[in-house]
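Asks: Next up is a structure, given as structure tokens.
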Protein chains: 2
Amino acid sequence: MKPDALRGHLDALILAVLEQEPRHGYAIMEALQERSGGALELPTGTLYPALRRLERAGYLRSAWATVSGRRRRTYRLTAAGRRALAAERSAWRDFAAVIDGVLRPASPQT
Amino acid sequence: MKPDALRGHLDALILAVLEQEPRHGYAIMEALQERSGGALELPTGTLYPALRRLERAGYLRSAWATVSGRRRRTYRLTAAGRRALAAERSAWRDFAAVIDGVLRPASPQT
DNA sequence: ACCTACATGTAGACCATCTATATAAGCGAC
DNA sequence: GTCGCTTATATAGATGGTCTACATGTAGGT
């Protein structure tokens, strides 16, 4: 997968994996990898700045925890984050429909 | 449509509208706008550099023409361009499947 | 002691897209 | 006869999300 393709869609992905339960960054990476069948292997240099950006935007809230000696920063969706997720889902459907419409070869009889 | 969403997919769109017939830049803009139902309004500062990039990459070849007093640069797909288009279509299907898979809410019974 | 997995973070590079600006011909209206 | 709109192409510079590379530290197995 070429890296640029992800641009503008990563926020949606992160919000989506946080929809059901809060997770810390490393768990988000694992969830994305699993849900994508291994296609999404986010570098930490991509994920962590994105999480901070989403928190600054008010879509996430984070809290530190220590689990078996390791520090974790756990993120959860805010109400605004849930609204943003709904908007991202809708935007994705529209976007995909547009691309599909252009990529689909015109039917020979038209 | 937020601008970043297009990143990494524009090449595919341009190649696709050139699949059936050669077009000049302005006509490519119009074709994209029409095929997308008005969603894609590419700034010229996006399209023209992209066309030159695709020509440099060997996917397009251009030729100047003058039609009713106006100069046009008409682009056509090369053989490599057709192969690239096929690859882009395939990459888009894979990409869309990945995003769909992550965005789709997990079913409650799982 | 060493290696791997777990866990978070930053600095700087990259580069496709966007904004803004420039140029110029054709054409209808007034 | 010039005003405004459409047609038509082009470049310079800004933007900003993602990636590469690097840095730090704990836990646990061998």
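In the structure tokens, the first chain shown is A, the next is B, and so on; residue numbers restart at 1 for each chain, and ligands run from 1 in the order shown.
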With 8 Å as the limit and counting only C-alpha atoms (C1' of nucleotides), what residues in chain A lie close to chain C? Please list them as a list in words.

Replies: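 The answer, sorted by residue number, is Tyr26, Tyr48, Arg70, Arg71 and Arg72 of chain A.
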
Asks: Only residues of chain D matter here; which ones have an atom within 10 Å of chain B, counting only C-alpha atoms (C1' of nucleotides)? Give them as an NGL selection string.

Replies: :D and (7-11 or 16-17)

Asks: Write the residues of the preceding selection, restricted to N, CA and C atoms (P, O5', C5', C4', C3', O3' and C1' of nucleotides), as a PDB file, in the first residue's frame.

Replies:
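Output (selection-v3.pdb):
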ATOM      1  P    DT D   7     -16.332  26.570 -20.901  1.00  0.00           P
ATOM      2  O5'  DT D   7     -14.925  26.741 -21.654  1.00  0.00           O
ATOM      3  C5'  DT D   7     -14.917  26.924 -23.064  1.00  0.00           C
ATOM      4  C4'  DT D   7     -13.514  27.199 -23.565  1.00  0.00           C
ATOM      5  C3'  DT D   7     -12.503  26.070 -23.284  1.00  0.00           C
ATOM      6  O3'  DT D   7     -11.882  25.719 -24.512  1.00  0.00           O
ATOM      7  C1'  DT D   7     -11.607  28.168 -22.665  1.00  0.00           C
ATOM      8  P    DA D   8     -11.080  24.363 -24.626  1.00  0.00           P
ATOM      9  O5'  DA D   8      -9.716  24.674 -23.860  1.00  0.00           O
ATOM     10  C5'  DA D   8      -8.629  25.267 -24.582  1.00  0.00           C
ATOM     11  C4'  DA D   8      -7.497  25.647 -23.651  1.00  0.00           C
ATOM     12  C3'  DA D   8      -7.042  24.621 -22.607  1.00  0.00           C
ATOM     13  O3'  DA D   8      -6.064  23.751 -23.188  1.00  0.00           O
ATOM     14  C1'  DA D   8      -6.745  26.923 -21.939  1.00  0.00           C
ATOM     15  P    DT D   9      -5.253  22.683 -22.202  1.00  0.00           P
ATOM     16  O5'  DT D   9      -4.071  23.567 -21.591  1.00  0.00           O
ATOM     17  C5'  DT D   9      -3.180  24.232 -22.494  1.00  0.00           C
ATOM     18  C4'  DT D   9      -2.179  25.045 -21.722  1.00  0.00           C
ATOM     19  C3'  DT D   9      -1.349  24.258 -20.714  1.00  0.00           C
ATOM     20  O3'  DT D   9       0.007  24.264 -21.117  1.00  0.00           O
ATOM     21  C1'  DT D   9      -2.124  26.316 -19.796  1.00  0.00           C
ATOM     22  P    DA D  10       1.060  23.317 -20.375  1.00  0.00           P
ATOM     23  O5'  DA D  10       1.590  24.295 -19.239  1.00  0.00           O
ATOM     24  C5'  DA D  10       2.134  25.562 -19.615  1.00  0.00           C
ATOM     25  C4'  DA D  10       2.396  26.374 -18.382  1.00  0.00           C
ATOM     26  C3'  DA D  10       3.050  25.584 -17.250  1.00  0.00           C
ATOM     27  O3'  DA D  10       4.461  25.770 -17.313  1.00  0.00           O
ATOM     28  C1'  DA D  10       1.438  27.203 -16.481  1.00  0.00           C
ATOM     29  P    DT D  11       5.354  24.973 -16.197  1.00  0.00           P
ATOM     30  O5'  DT D  11       5.607  26.079 -15.072  1.00  0.00           O
ATOM     31  C5'  DT D  11       5.852  27.428 -15.453  1.00  0.00           C
ATOM     32  C4'  DT D  11       5.933  28.267 -14.192  1.00  0.00           C
ATOM     33  C3'  DT D  11       6.714  27.615 -13.057  1.00  0.00           C
ATOM     34  O3'  DT D  11       7.577  28.587 -12.480  1.00  0.00           O
ATOM     35  C1'  DT D  11       4.543  28.175 -12.308  1.00  0.00           C
ATOM     36  P    DG D  16      -1.614  24.048   7.174  1.00  0.00           P
ATOM     37  O5'  DG D  16      -1.431  22.471   7.199  1.00  0.00           O
ATOM     38  C5'  DG D  16      -2.046  21.674   6.214  1.00  0.00           C
ATOM     39  C4'  DG D  16      -1.510  20.265   6.318  1.00  0.00           C
ATOM     40  C3'  DG D  16      -1.149  19.839   7.741  1.00  0.00           C
ATOM     41  O3'  DG D  16      -1.475  18.474   7.904  1.00  0.00           O
ATOM     42  C1'  DG D  16       0.700  19.584   6.366  1.00  0.00           C
ATOM     43  P    DG D  17      -2.394  18.050   9.122  1.00  0.00           P
ATOM     44  O5'  DG D  17      -2.625  16.517   8.748  1.00  0.00           O
ATOM     45  C5'  DG D  17      -3.109  16.186   7.469  1.00  0.00           C
ATOM     46  C4'  DG D  17      -2.330  15.027   6.886  1.00  0.00           C
ATOM     47  C3'  DG D  17      -2.077  13.881   7.866  1.00  0.00           C
ATOM     48  O3'  DG D  17      -2.272  12.662   7.162  1.00  0.00           O
ATOM     49  C1'  DG D  17      -0.007  14.682   7.040  1.00  0.00           C
TER      50       DG D  17
END

Asks: Would you give me, as CSV, each residue of chain A having an atom within 8 Å of an atom of chain B, along with its shortest atom pair and that distance in Å to one decimal, using only C-alpha atoms and sorting by chain and residue number?

Replies:
residue,atom,partner,partner_atom,distance
A:Met1,CA,B:Phe95,CA,7.3
A:Lys2,CA,B:Gly8,CA,7.4
A:Pro3,CA,B:Gly8,CA,7.9
A:Asp4,CA,B:Gly8,CA,4.9
A:Ala5,CA,B:Gly8,CA,4.5
A:Leu6,CA,B:Arg7,CA,7.8
A:Arg7,CA,B:Asp4,CA,5.7
A:Gly8,CA,B:Ala5,CA,4.6
A:His9,CA,B:Ala5,CA,6.5
A:Ala12,CA,B:Leu103,CA,7.2
A:Leu13,CA,B:Leu103,CA,6.2
A:Ala16,CA,B:Leu103,CA,5.6
A:Val17,CA,B:Val102,CA,7.3
A:Leu32,CA,B:Val102,CA,7.0
A:Arg35,CA,B:Val102,CA,5.6
A:Ser36,CA,B:Val98,CA,5.3
A:Gly37,CA,B:Val98,CA,7.9
A:Ala39,CA,B:Val98,CA,7.3
A:Arg89,CA,B:Leu103,CA,6.9
A:Ala91,CA,B:Met1,CA,7.3
A:Phe95,CA,B:Met1,CA,7.3
A:Ala96,CA,B:Ala96,CA,7.2
A:Val98,CA,B:Ser36,CA,5.3
A:Ile99,CA,B:Leu13,CA,7.3
A:Gly101,CA,B:Ser36,CA,6.4
A:Val102,CA,B:Arg35,CA,5.6
A:Leu103,CA,B:Ala16,CA,5.6
A:Arg104,CA,B:Ala16,CA,8.0
A:Pro105,CA,B:Ala16,CA,7.4

Asks: Can you tell me how far atom CA of Gly81 of chain B sits from atom CA of Leu47 of chain B, in Å to one decimal?

Replies: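 Between these atoms lies a distance of 16.8 Å.
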
Asks: For atom C1' of DC19 of chain D and atom CA of Ala57 of chain B, quote the distance in Å rounded to one decimal.

Replies: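 We find that atom C1' of DC19 of chain D and atom CA of Ala57 of chain B lie 22.4 Å from each other.
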
Asks: Please, what distance in Å, to one decimal, runs between atom CA of Leu60 of chain A and atom CA of Ala79 of chain A?

Replies: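 Computing the Euclidean distance for atom CA of Leu60 of chain A and atom CA of Ala79 of chain A yields 8.8 Å.
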
Asks: Would you list the contacts of Arg76 of chain A as a list in words, taking every protein, DNA or RNA residue within 8 Å and counting only C-alpha atoms (C1' of nucleotides), but skipping same-chain residues closer than 2 positions in sequence?

Replies: Leu18, Glu21, Pro22, Arg23, Leu60, Arg61, Ser62, Thr74 and Thr78 of chain A

Asks: Hey, what does DSSP flag as alpha helix (DSSP H) within segment 4-109 of chain A? Can you give it to me as JSON, numbers by chain?

Replies: {"A": [10, 11, 12, 13, 14, 15, 16, 17, 25, 26, 27, 28, 29, 30, 31, 32, 33, 34, 35, 44, 45, 46, 47, 48, 49, 50, 51, 52, 53, 54, 55, 56, 79, 80, 81, 82, 83, 84, 85, 86, 87, 88, 89, 90, 91, 92, 93, 94, 95, 96, 97, 98, 99, 100, 101, 102, 103]}
